[in-house]
4 protein chains.
Amino acid sequence: MKAAIIGGTGYGSIELVRLINKHPYMEIGSVVSNSQAGFSFSDVYPHLSNSIVQPLETFNVDRLSEENDIVFFATPSGISSKLVPKLIEKGKKCVDLSGDFRLRNAEEYESWYKHSPADEKYINQATYGLSEIYAEKIKTSNLIANPGCYPTASTLGLLPILKTNLADYESIIIDAKSGVSGAGRGLSLTAHYAEINENLKAYKLGAHQHIPEIEQVLQDELGNPITITFTTHLVPMTRGIMCTIYVKLKENINTNEIHHIYSEFYKNKPFVRVRPEGTIPATKEVCGSNYCDIGLHVDPRTNRLTIVSVIDNLVKGAAGQAIQNVNIMNGWAEQTGLTDIPMYP
Amino acid sequence: MKAAIIGGTGYGSIELVRLINKHPYMEIGSVVSNSQAGFSFSDVYPHLSNSIVQPLETFNVDRLSEENDIVFFATPSGISSKLVPKLIEKGKKCVDLSGDFRLRNAEEYESWYKHSPADEKYINQATYGLSEIYAEKIKTSNLIANPGCYPTASTLGLLPILKTNLADYESIIIDAKSGVSGAGRGLSLTAHYAEINENLKAYKLGAHQHIPEIEQVLQDELGNPITITFTTHLVPMTRGIMCTIYVKLKENINTNEIHHIYSEFYKNKPFVRVRPEGTIPATKEVCGSNYCDIGLHVDPRTNRLTIVSVIDNLVKGAAGQAIQNVNIMNGWAEQTGLTDIPMYP
Amino acid sequence: MKAAIIGGTGYGSIELVRLINKHPYMEIGSVVSNSQAGFSFSDVYPHLSNSIVQPLETFNVDRLSEENDIVFFATPSGISSKLVPKLIEKGKKCVDLSGDFRLRNAEEYESWYKHSPADEKYINQATYGLSEIYAEKIKTSNLIANPGCYPTASTLGLLPILKTNLADYESIIIDAKSGVSGAGRGLSLTAHYAEINENLKAYKLGAHQHIPEIEQVLQDELGNPITITFTTHLVPMTRGIMCTIYVKLKENINTNEIHHIYSEFYKNKPFVRVRPEGTIPATKEVCGSNYCDIGLHVDPRTNRLTIVSVIDNLVKGAAGQAIQNVNIMNGWAEQTGLTDIPMYP
Amino acid sequence: MKAAIIGGTGYGSIELVRLINKHPYMEIGSVVSNSQAGFSFSDVYPHLSNSIVQPLETFNVDRLSEENDIVFFATPSGISSKLVPKLIEKGKKCVDLSGDFRLRNAEEYESWYKHSPADEKYINQATYGLSEIYAEKIKTSNLIANPGCYPTASTLGLLPILKTNLADYESIIIDAKSGVSGAGRGLSLTAHYAEINENLKAYKLGAHQHIPEIEQVLQDELGNPITITFTTHLVPMTRGIMCTIYVKLKENINTNEIHHIYSEFYKNKPFVRVRPEGTIPATKEVCGSNYCDIGLHVDPRTNRLTIVSVIDNLVKGAAGQAIQNVNIMNGWAEQTGLTDIPMYP
């Protein structure tokens, strides 16, 4: 199966290249980068020398449709909303790694993203690609809105406890920390080495566009509107997200019982590793892999549950989950091409 | 005035050396390191070449008392509890950077520190050296229990709001993040470069020995027992602590009003910089300095206050606050020797 | 084919695990760690959860021989010299990642390694596993002395020019820089985070045990004793080695001609990428992969050639080259299991 | 004495601010930043809050001359060549941290810097501010061309041996490594966090504009044209430069004798610390200070001397040496305001 990648020179895009390269049933058909069209991929990214021979090309619906079976969008927000419909009309399956098809409420999209939203018709066709939760819908979908990095780590960490009666829904706080690759390859002082190295920053307090995305998933799953407190931090490392999540429990219940709830919830989900009681995951332990690792701790003094959820933001938080969704869409085993052990150290 | 440092080859100790070196009224009399006695300081720390000529010596009460006016302890817990009394009996003033004299409850000390506590007589003499809050007591004290790094950032961030009627005391969550120098110079896998670099770890969930210290300060100031949720993380950087603190507000109140409360609270405190509304401090912005910078944000959707408090763990969180306390004890201006601009970048 | 790994909890060992896991013709039979025997591998390395189920075991020749076809040693120097003979006698093929079988001169081994050397009989059986140069011998060998990380980058960078008549043999200087994972997982101040982060150190000037190894390869290939100047530096990063190599040229020759020499030399070697003229490789561009990337520059002002050779010290400098050698020994395609694109960023 | 800083928001500029703030005889009069004029300095650099109250202003010769005694230029190349003459004509002393007045040969300037050179009249007035070597000339100069970071570390490392008869002048190789702050605050992929972190790059092989600067100093001091090989590398850290320098010796001479030559050469130079035989400096050991630390090693096998010279690129390599020069110009003790111990760790 041939895959096209649109948005060819961002980090999401080269992570797709890395993963598709080792996928047994997919290969790269086209890579589109309007800004670098005509160059070879290894001119822009020398690490790809010898691996990728396709030149970067401009966006051409006809050619893309002819030469590819599936199209990944790894573009900034506001682009796939315009391009995806053209490919859907050509009968192509699309997986969009940007936020353009994630929020069903058009006004909400506009207020958080400051762009016009996608056409409602296509938003309605889109399936939110949180693989562990929506596999059934993903199977039959031709347009996947691949989840954001923070929402993936947050919702996988939260859903098992929220789907019991044990949690106080008004108490949810997500203290999220991300490596710098999440900011992409675009130049900015907030990704300038000397400003970020040996530094820890909080940013966008209460203002991150992933807030409505997380709240939408929680509402979908729980049936009620949920309002969260969500804080994001920039950590001096390249890859990795950790969400430290706090939930007040309505009953006395110990870590062991909570652990049991999570283990049951994820028992057939190969990419979620609920860690043994007493251990807490670190971001490096999932580096380069599609795992989401979860650690749990109930403080009996406050009856508050702390959930620590870690992913590689570029894999389970982007390209890896996109591949996982394509596996599900095609009826392939969910782990196909994604069985690598994390790179440690 | 001559100052002795006990615990000569740890990071707290060399930060004291760095700061005393630029203090106009103090100079280094003796440096004690039992493990390295006889060596010159610059054998162990070449960066001190040309600056410090004293050889490292063993602990000798008589000699220390004769040659020094004030004694700093930068020792692991369990040591100053035994040595401080000897120097107090000789009439020396002591500042203890370890945790040995911080907790007034001996049982609590034993349960969190796993050592025998200090003699009650000396614990009762000790003043908790949170300079901005206890300056009056510090002035007349001969034994300062210098606060821990996390408690300094946490209590300075929390007290202004807790001393109003606005806060829900049961809602306090401190999500704390520290650079690796806080773990000291002792070898351990948790400070091993390849394990920590490009990695973010949560540790000691609900089990950090700074929890009872923070709760004791809050109770002292508020009159009621307070139970907090406290999580610590290790960030891949050398210096810096950030505490992201969450407090539920009992009334609707906006960021501007909260900002006013904090600005008033700290208006005569030169080392606390309450940041302008809309800005949040980063750890590098206080690096090498004695500042505690505080940013504030109220999320009107949840009526929850987020406080971001940053310090340099080795300065305001250790050696710098120790110097500040000595300044207060001696009636010198609080900023004496501590006026350096943070080192940026 | 079943593979055993001796030295189970070092970084070389877990990199072997990572690579064998994705090899189509090998799987892990046994992992030996005397210090951690009885534990599961994921207790020591949580990133291996779900991937490796074998418990760590003690060294037992009979059991190892029965259950495995090939044995990798990723042990500190001085251990495989004693254990390899036992397995060779059982008819097993061995690949030794330590330095025990690399130097043919026993006295030289003793003077650089400060251990007794291996038995001469086995040293004579060993083939130096620099895959690009000694593939023919490797094919028929049952004991591979896998090259050191610095020697791999150095000799691959040097041999093409030295095998012409153009180089002044007395002029060779190798300025080598390594990430910290090369120092292994053993605790030491030279791998302590706060000492290494934001720091650049030179170490072991003229005293590194890889000097005689490099000189032995050069002498073998050139027929004359060659003496090099070799300096090693520790760079604040986890993975990667760069050797910046200086060679005086005896004739006027430009970069383009040198580039042609190198391209010819490595034209059928899939893991050596000679970079286009005008570009110089960076270590991250080979991260996680078995590539050795080489950049070339002749300064016409001094008629000196600068060669920049980079590898991932844990892959081409250790575990990856070991797998490459096993591929060659078994007549499999050299790239089997080693086709991953480097992980970038 | 009032000091103006032109180029107000670069890293050289804020390092000048940090150092002038602790200088007993200087204070900041004006800070010029055309791009940020009107803003307060702490809007751009929050770490300066409470310390610097002056608003950033535009360049105005009259006002600058009236309000300041000395003017520092921390501007990109091509700017001070135009502005310095105006201030010199007003009778002001100028210290230029850019390269505009360093090269005496106008053609050479143009060929390496790709700008028009400064007016010859002012180039002739300028004194090259390598403080340890040219103090006598600096005393009476009104225009200092403050040396580049690499040239400072390189020439201080080289001159003692070159001024003997022992060195082969054609053998000089400087393998230089720098932290990323040397690239300044301007946005570029080569200072983008995810591209630089966990990466080591060589750059500008044989093409760095500091080459003619180093060669000019060597020629001035030795009387002959000298051609060097000079390679620069970017190291994933913020501050610090290390030059590893190789020189072939014409006679057999051991490390101890070389050490004696260096110690004598720098015996009255407080900022150059020649390290004891057998020890080699690391960059962190001078961090934040004006020291240049030098380690020495002769390899008897090759009769080649390796010199390791380290500085903080923003201090001895820029702002610190500028202050040192002002001290010399004013007849103040050379160390005035520069006595801080390096910040470690």
# chains A, B, ... in the order shown; residues from 1 in each chain; ligands from 1

$ interface_residues --of "chain C" --to "chain D" --cutoff "9 Å" --atoms "only C-alpha atoms" --output "PyMOL selection string"
chain C and resi 170-171+173+175+177+179+194-203+205-206+227-229+231+235-242+244+246+279-285+297-299+301-302+304+306+308+344-345

$ residues_around --residues "range 313-317 of chain D" --least-positions-apart "5" --cutoff "10 Å" --atoms "only C-alpha atoms" --output "ChimeraX atom specification"
/B:345 /D:11-16,19,97,130-131,146-153,178-182,238-242,271,283,286-292,322-324,338

$ calpha_fit_and_write --fixed "chain C" --moving "chain A" --output "short mmCIF file (atom, residue, chain, number, x, y, z; two decimals) with C-alpha atoms, in the first residue's frame"
data_model
loop_
_atom_site.label_atom_id
_atom_site.label_comp_id
_atom_site.auth_asym_id
_atom_site.auth_seq_id
_atom_site.Cartn_x
_atom_site.Cartn_y
_atom_site.Cartn_z
CA MET A 1 18.48 -18.76 15.85
CA LYS A 2 18.72 -18.24 19.58
CA ALA A 3 21.10 -15.66 21.00
CA ALA A 4 22.42 -15.37 24.53
CA ILE A 5 23.61 -12.10 26.00
CA ILE A 6 26.16 -12.10 28.81
CA GLY A 7 26.38 -8.88 30.85
CA GLY A 8 22.72 -8.34 30.93
CA THR A 9 22.16 -5.01 32.55
CA GLY A 10 24.67 -2.75 30.84
CA TYR A 11 23.86 -0.40 27.99
CA GLY A 12 25.55 -2.59 25.38
CA SER A 13 23.37 -5.42 26.47
CA ILE A 14 20.03 -3.63 26.25
CA GLU A 15 20.99 -2.24 22.86
CA LEU A 16 21.57 -5.83 21.73
CA VAL A 17 18.11 -6.67 23.07
CA ARG A 18 16.57 -3.78 21.14
CA LEU A 19 18.22 -4.85 17.90
CA ILE A 20 17.75 -8.60 18.22
CA ASN A 21 14.06 -7.94 18.93
CA LYS A 22 13.66 -6.63 15.41
CA HIS A 23 15.94 -9.12 13.68
CA PRO A 24 13.99 -11.56 11.51
CA TYR A 25 16.30 -14.57 12.07
CA MET A 26 17.34 -14.22 15.69
CA GLU A 27 15.58 -14.23 19.00
CA ILE A 28 16.79 -13.91 22.55
CA GLY A 29 17.40 -17.21 24.30
CA SER A 30 19.10 -16.25 27.55
CA VAL A 31 20.22 -13.11 29.30
CA VAL A 32 22.92 -13.52 31.92
CA SER A 33 23.43 -11.02 34.71
CA ASN A 34 25.13 -12.42 37.77
CA SER A 35 24.32 -9.33 39.83
CA GLN A 36 20.60 -9.35 39.00
CA ALA A 37 19.91 -13.03 38.45
CA GLY A 38 16.39 -14.05 39.34
CA PHE A 39 14.91 -10.65 38.59
CA SER A 40 12.86 -10.09 35.49
CA PHE A 41 14.52 -7.86 32.95
CA SER A 42 11.74 -5.28 33.20
CA ASP A 43 12.34 -4.86 36.92
CA VAL A 44 15.73 -3.43 36.03
CA TYR A 45 14.64 -1.75 32.80
CA PRO A 46 10.93 -0.88 32.78
CA HIS A 47 11.10 0.12 29.10
CA LEU A 48 11.41 -3.62 28.34
CA SER A 49 8.03 -4.44 29.90
CA ASN A 50 5.89 -6.59 27.58
CA SER A 51 8.84 -7.21 25.26
CA ILE A 52 11.22 -9.47 27.14
CA VAL A 53 9.91 -12.20 29.37
CA GLN A 54 13.07 -14.14 30.15
CA PRO A 55 14.25 -13.77 33.72
CA LEU A 56 17.87 -12.77 34.19
CA GLU A 57 20.00 -15.80 34.94
CA THR A 58 23.45 -16.71 36.20
CA PHE A 59 26.23 -17.87 33.91
CA ASN A 60 25.93 -21.61 33.31
CA VAL A 61 27.91 -22.96 30.38
CA ASP A 62 25.88 -26.08 29.90
CA ARG A 63 22.51 -24.45 29.95
CA LEU A 64 23.69 -21.55 27.80
CA SER A 65 25.12 -23.92 25.23
CA GLU A 66 22.05 -26.04 25.05
CA GLU A 67 19.62 -23.21 24.66
CA ASN A 68 21.51 -20.84 22.38
CA ASP A 69 23.26 -20.82 19.03
CA ILE A 70 25.29 -17.69 19.42
CA VAL A 71 26.60 -15.82 22.45
CA PHE A 72 27.18 -12.08 22.74
CA PHE A 73 29.43 -10.75 25.49
CA ALA A 74 28.67 -7.22 26.63
CA THR A 75 30.81 -7.43 29.74
CA PRO A 76 33.49 -5.20 31.26
CA SER A 77 37.05 -6.02 30.19
CA GLY A 78 38.62 -9.01 31.93
CA ILE A 79 35.51 -11.20 31.94
CA SER A 80 35.01 -12.58 28.45
CA SER A 81 38.68 -13.62 28.33
CA LYS A 82 37.74 -16.21 30.97
CA LEU A 83 34.28 -17.21 29.72
CA VAL A 84 34.56 -17.23 25.95
CA PRO A 85 36.88 -20.28 25.84
CA LYS A 86 34.29 -22.39 27.66
CA LEU A 87 31.67 -21.60 25.05
CA ILE A 88 34.01 -21.99 22.11
CA GLU A 89 34.85 -25.47 23.44
CA LYS A 90 31.14 -26.21 23.40
CA GLY A 91 31.11 -25.29 19.71
CA LYS A 92 29.28 -22.01 20.15
CA LYS A 93 30.01 -18.91 18.11
CA CYS A 94 30.89 -15.89 20.22
CA VAL A 95 30.87 -12.15 19.59
CA ASP A 96 32.75 -10.21 22.24
CA LEU A 97 31.91 -6.52 22.57
CA SER A 98 34.60 -5.98 25.21
CA GLY A 99 38.27 -5.37 24.46
CA ASP A 100 39.53 -8.77 25.61
CA PHE A 101 40.28 -10.29 22.22
CA ARG A 102 41.10 -7.19 20.21
CA LEU A 103 44.81 -6.72 20.84
CA ARG A 104 47.04 -9.50 19.53
CA ASN A 105 49.98 -8.41 21.63
CA ALA A 106 49.45 -9.73 25.16
CA GLU A 107 51.90 -7.32 26.76
CA GLU A 108 50.23 -4.40 25.13
CA TYR A 109 46.87 -5.59 26.43
CA GLU A 110 48.21 -5.81 29.92
CA SER A 111 49.83 -2.40 29.84
CA TRP A 112 46.70 -0.57 28.59
CA TYR A 113 43.96 -2.62 30.29
CA LYS A 114 45.72 -3.46 33.59
CA HIS A 115 44.32 -7.03 33.50
CA SER A 116 45.85 -10.32 32.47
CA PRO A 117 45.24 -10.97 28.79
CA ALA A 118 43.18 -13.79 27.34
CA ASP A 119 44.80 -17.10 26.45
CA GLU A 120 46.91 -16.71 23.32
CA LYS A 121 45.20 -19.68 21.68
CA TYR A 122 41.88 -17.87 21.65
CA ILE A 123 43.33 -14.50 20.77
CA ASN A 124 44.69 -16.16 17.68
CA GLN A 125 41.30 -17.56 16.81
CA ALA A 126 39.62 -14.19 17.15
CA THR A 127 38.78 -12.06 14.13
CA TYR A 128 38.66 -8.31 14.52
CA GLY A 129 35.10 -7.48 13.54
CA LEU A 130 35.43 -4.24 11.60
CA SER A 131 32.74 -5.39 9.22
CA GLU A 132 33.51 -3.18 6.22
CA ILE A 133 37.15 -4.22 6.16
CA TYR A 134 37.27 -7.81 7.38
CA ALA A 135 34.04 -9.36 6.06
CA GLU A 136 35.88 -12.22 4.39
CA LYS A 137 37.55 -13.36 7.60
CA ILE A 138 34.42 -12.76 9.65
CA LYS A 139 32.46 -15.18 7.45
CA THR A 140 34.43 -18.15 8.66
CA SER A 141 35.23 -17.11 12.19
CA ASN A 142 33.70 -18.50 15.36
CA LEU A 143 35.02 -15.72 17.63
CA ILE A 144 34.61 -12.06 16.80
CA ALA A 145 36.43 -9.33 18.69
CA ASN A 146 33.90 -6.59 18.05
CA PRO A 147 35.69 -3.24 17.62
CA GLY A 148 35.58 -0.40 20.10
CA CYS A 149 33.43 2.64 19.43
CA TYR A 150 36.27 5.11 18.86
CA PRO A 151 38.29 2.66 16.72
CA THR A 152 35.27 2.04 14.47
CA ALA A 153 34.71 5.72 13.74
CA SER A 154 38.45 6.41 13.49
CA THR A 155 39.54 3.59 11.22
CA LEU A 156 36.56 3.89 8.86
CA GLY A 157 37.41 7.58 8.58
CA LEU A 158 41.13 7.02 8.04
CA LEU A 159 41.58 3.92 5.90
CA PRO A 160 40.52 5.25 2.48
CA ILE A 161 43.06 8.08 2.52
CA LEU A 162 45.79 6.04 4.19
CA LYS A 163 45.52 3.33 1.55
CA THR A 164 46.51 5.86 -1.11
CA ASN A 165 50.02 7.34 -1.29
CA LEU A 166 48.72 10.75 -0.43
CA ALA A 167 48.92 10.81 3.35
CA ASP A 168 51.76 11.74 5.68
CA TYR A 169 51.53 8.86 8.17
CA GLU A 170 53.21 10.83 10.93
CA SER A 171 50.65 13.59 10.85
CA ILE A 172 47.56 11.72 12.06
CA ILE A 173 45.58 13.42 14.81
CA ILE A 174 42.21 12.14 15.98
CA ASP A 175 40.20 14.57 18.08
CA ALA A 176 37.40 12.32 19.36
CA LYS A 177 34.20 13.34 21.15
CA SER A 178 31.75 10.96 22.77
CA GLY A 179 28.35 11.02 24.41
CA VAL A 180 28.17 9.82 28.00
CA SER A 181 26.52 6.44 27.40
CA GLY A 182 29.96 5.24 26.31
CA ALA A 183 30.96 5.29 29.97
CA GLY A 184 28.36 2.63 30.72
CA ARG A 185 25.93 2.31 33.57
CA GLY A 186 28.50 2.05 36.35
CA LEU A 187 28.24 4.93 38.81
CA SER A 188 31.04 7.48 38.72
CA LEU A 189 31.47 11.22 39.13
CA THR A 190 32.39 11.39 35.45
CA ALA A 191 28.86 10.26 34.59
CA HIS A 192 27.09 12.18 37.38
CA TYR A 193 24.47 14.42 35.83
CA ALA A 194 25.30 17.72 37.51
CA GLU A 195 29.01 17.31 36.72
CA ILE A 196 28.53 16.50 33.04
CA ASN A 197 25.52 18.49 31.96
CA GLU A 198 26.45 21.89 30.48
CA ASN A 199 30.07 20.81 30.56
CA LEU A 200 32.69 19.66 28.08
CA LYS A 201 35.64 17.67 29.33
CA ALA A 202 38.79 16.28 27.76
CA TYR A 203 40.01 13.06 29.37
CA LYS A 204 42.71 10.39 29.20
CA LEU A 205 44.99 12.47 26.96
CA GLY A 206 47.30 10.07 25.18
CA ALA A 207 46.20 7.33 27.58
CA HIS A 208 43.02 5.80 26.15
CA GLN A 209 43.04 2.03 25.68
CA HIS A 210 41.64 2.47 22.17
CA ILE A 211 44.95 3.91 20.97
CA PRO A 212 46.73 0.54 20.52
CA GLU A 213 43.57 -0.88 18.92
CA ILE A 214 43.49 1.84 16.26
CA GLU A 215 47.22 1.58 15.68
CA GLN A 216 46.98 -2.19 15.27
CA VAL A 217 44.32 -1.88 12.56
CA LEU A 218 46.32 0.78 10.74
CA GLN A 219 49.48 -1.29 10.89
CA ASP A 220 47.65 -4.39 9.68
CA GLU A 221 46.28 -2.53 6.72
CA LEU A 222 49.33 -0.43 5.86
CA GLY A 223 52.15 -2.75 6.78
CA ASN A 224 54.01 -0.18 8.85
CA PRO A 225 53.81 0.80 12.49
CA ILE A 226 51.79 3.99 12.79
CA THR A 227 51.69 6.26 15.80
CA ILE A 228 48.70 8.52 16.25
CA THR A 229 47.77 11.41 18.49
CA PHE A 230 44.41 10.63 20.03
CA THR A 231 42.37 12.85 22.38
CA THR A 232 39.00 11.99 23.84
CA HIS A 233 36.30 14.38 25.05
CA LEU A 234 33.06 13.84 26.93
CA VAL A 235 30.12 15.74 25.40
CA PRO A 236 26.87 16.43 27.31
CA MET A 237 24.66 14.11 25.30
CA THR A 238 23.75 10.46 25.69
CA ARG A 239 24.56 8.87 22.33
CA GLY A 240 26.97 9.61 19.53
CA ILE A 241 30.64 9.74 18.66
CA MET A 242 32.36 12.17 16.36
CA CYS A 243 35.99 11.79 15.34
CA THR A 244 37.46 14.88 13.74
CA ILE A 245 40.58 13.56 12.04
CA TYR A 246 43.47 15.57 10.62
CA VAL A 247 45.86 14.20 8.00
CA LYS A 248 48.56 16.14 6.17
CA LEU A 249 48.53 15.47 2.44
CA LYS A 250 51.76 14.99 0.54
CA GLU A 251 50.37 16.35 -2.72
CA ASN A 252 47.98 19.08 -3.74
CA ILE A 253 44.63 17.48 -4.12
CA ASN A 254 41.19 18.97 -3.68
CA THR A 255 38.13 17.93 -1.71
CA ASN A 256 36.42 16.62 -4.81
CA GLU A 257 39.21 14.16 -5.56
CA ILE A 258 39.28 13.01 -1.97
CA HIS A 259 35.53 12.58 -2.08
CA HIS A 260 35.92 10.35 -5.10
CA ILE A 261 38.46 8.17 -3.28
CA TYR A 262 36.12 7.67 -0.33
CA SER A 263 33.04 7.03 -2.47
CA GLU A 264 34.88 4.35 -4.40
CA PHE A 265 36.25 2.77 -1.25
CA TYR A 266 32.81 2.44 0.29
CA LYS A 267 30.71 1.94 -2.82
CA ASN A 268 29.35 -1.46 -1.81
CA LYS A 269 29.19 -0.77 1.90
CA PRO A 270 25.61 0.03 2.82
CA PHE A 271 26.39 1.38 6.29
CA VAL A 272 28.99 3.95 5.32
CA ARG A 273 27.51 7.11 3.85
CA VAL A 274 30.11 9.41 2.35
CA ARG A 275 28.42 12.77 2.48
CA PRO A 276 28.25 15.08 -0.53
CA GLU A 277 31.05 17.62 -0.82
CA GLY A 278 30.35 20.70 1.26
CA THR A 279 28.31 18.86 3.89
CA ILE A 280 29.50 17.52 7.19
CA PRO A 281 27.61 14.93 9.25
CA ALA A 282 26.27 15.52 12.77
CA THR A 283 25.95 12.75 15.35
CA LYS A 284 22.15 12.93 15.56
CA GLU A 285 21.92 12.07 11.89
CA VAL A 286 22.96 8.49 12.67
CA CYS A 287 21.24 8.16 16.08
CA GLY A 288 19.88 4.68 16.71
CA SER A 289 21.20 3.40 13.36
CA ASN A 290 24.18 1.38 12.20
CA TYR A 291 25.45 4.08 9.84
CA CYS A 292 28.89 5.62 9.87
CA ASP A 293 28.64 8.97 8.07
CA ILE A 294 31.76 10.65 6.77
CA GLY A 295 32.36 14.26 5.69
CA LEU A 296 35.53 15.50 4.00
CA HIS A 297 37.28 18.83 3.62
CA VAL A 298 40.70 19.76 2.26
CA ASP A 299 42.00 23.16 3.32
CA PRO A 300 44.04 24.35 0.33
CA ARG A 301 45.88 26.85 2.57
CA THR A 302 47.49 24.09 4.65
CA ASN A 303 47.02 21.06 2.39
CA ARG A 304 45.53 19.26 5.34
CA LEU A 305 42.56 16.91 5.07
CA THR A 306 39.89 17.05 7.77
CA ILE A 307 37.70 13.96 8.04
CA VAL A 308 34.57 14.02 10.19
CA SER A 309 33.31 10.54 11.02
CA VAL A 310 30.19 9.97 13.13
CA ILE A 311 28.50 6.88 14.53
CA ASP A 312 26.04 5.97 17.25
CA ASN A 313 28.45 4.57 19.83
CA LEU A 314 25.92 1.97 21.00
CA VAL A 315 25.00 0.79 17.50
CA LYS A 316 27.80 0.89 14.90
CA GLY A 317 30.16 1.34 17.85
CA ALA A 318 28.86 -1.75 19.69
CA ALA A 319 25.62 -3.73 19.35
CA GLY A 320 24.79 -2.85 15.75
CA GLN A 321 28.17 -3.87 14.39
CA ALA A 322 27.90 -7.07 16.44
CA ILE A 323 24.63 -7.90 14.66
CA GLN A 324 26.18 -6.93 11.33
CA ASN A 325 28.98 -9.40 12.05
CA VAL A 326 26.52 -12.16 12.92
CA ASN A 327 24.74 -11.46 9.64
CA ILE A 328 28.04 -11.88 7.80
CA MET A 329 28.95 -15.04 9.76
CA ASN A 330 25.62 -16.60 8.80
CA GLY A 331 25.59 -15.58 5.17
CA TRP A 332 22.58 -13.34 5.69
CA ALA A 333 22.35 -9.99 3.95
CA GLU A 334 24.56 -7.57 5.86
CA GLN A 335 21.67 -5.18 6.59
CA THR A 336 19.33 -7.81 7.99
CA GLY A 337 17.54 -6.30 10.98
CA LEU A 338 19.51 -3.09 10.67
CA THR A 339 17.53 -1.10 8.14
CA ASP A 340 15.97 1.41 10.50
CA ILE A 341 16.14 5.07 9.64
CA PRO A 342 17.97 7.09 12.34
CA MET A 343 15.73 8.61 14.99
CA TYR A 344 15.58 12.33 14.31
CA PRO A 345 15.04 14.62 16.05
#

$ select_by_dssp --residues "range 177-279 of chain A" --states "helix (DSSP H, G or I)" --output "ChimeraX atom specification"
/A:180-183,189-191,193-196,210-222,255-265

$ select_by_dssp --residues "range 134-283 of chain C" --states "strand (DSSP E or B)" --output "ChimeraX atom specification"
/C:143-145,167,173-178,192,201-203,229-234,241-249,272-274,282
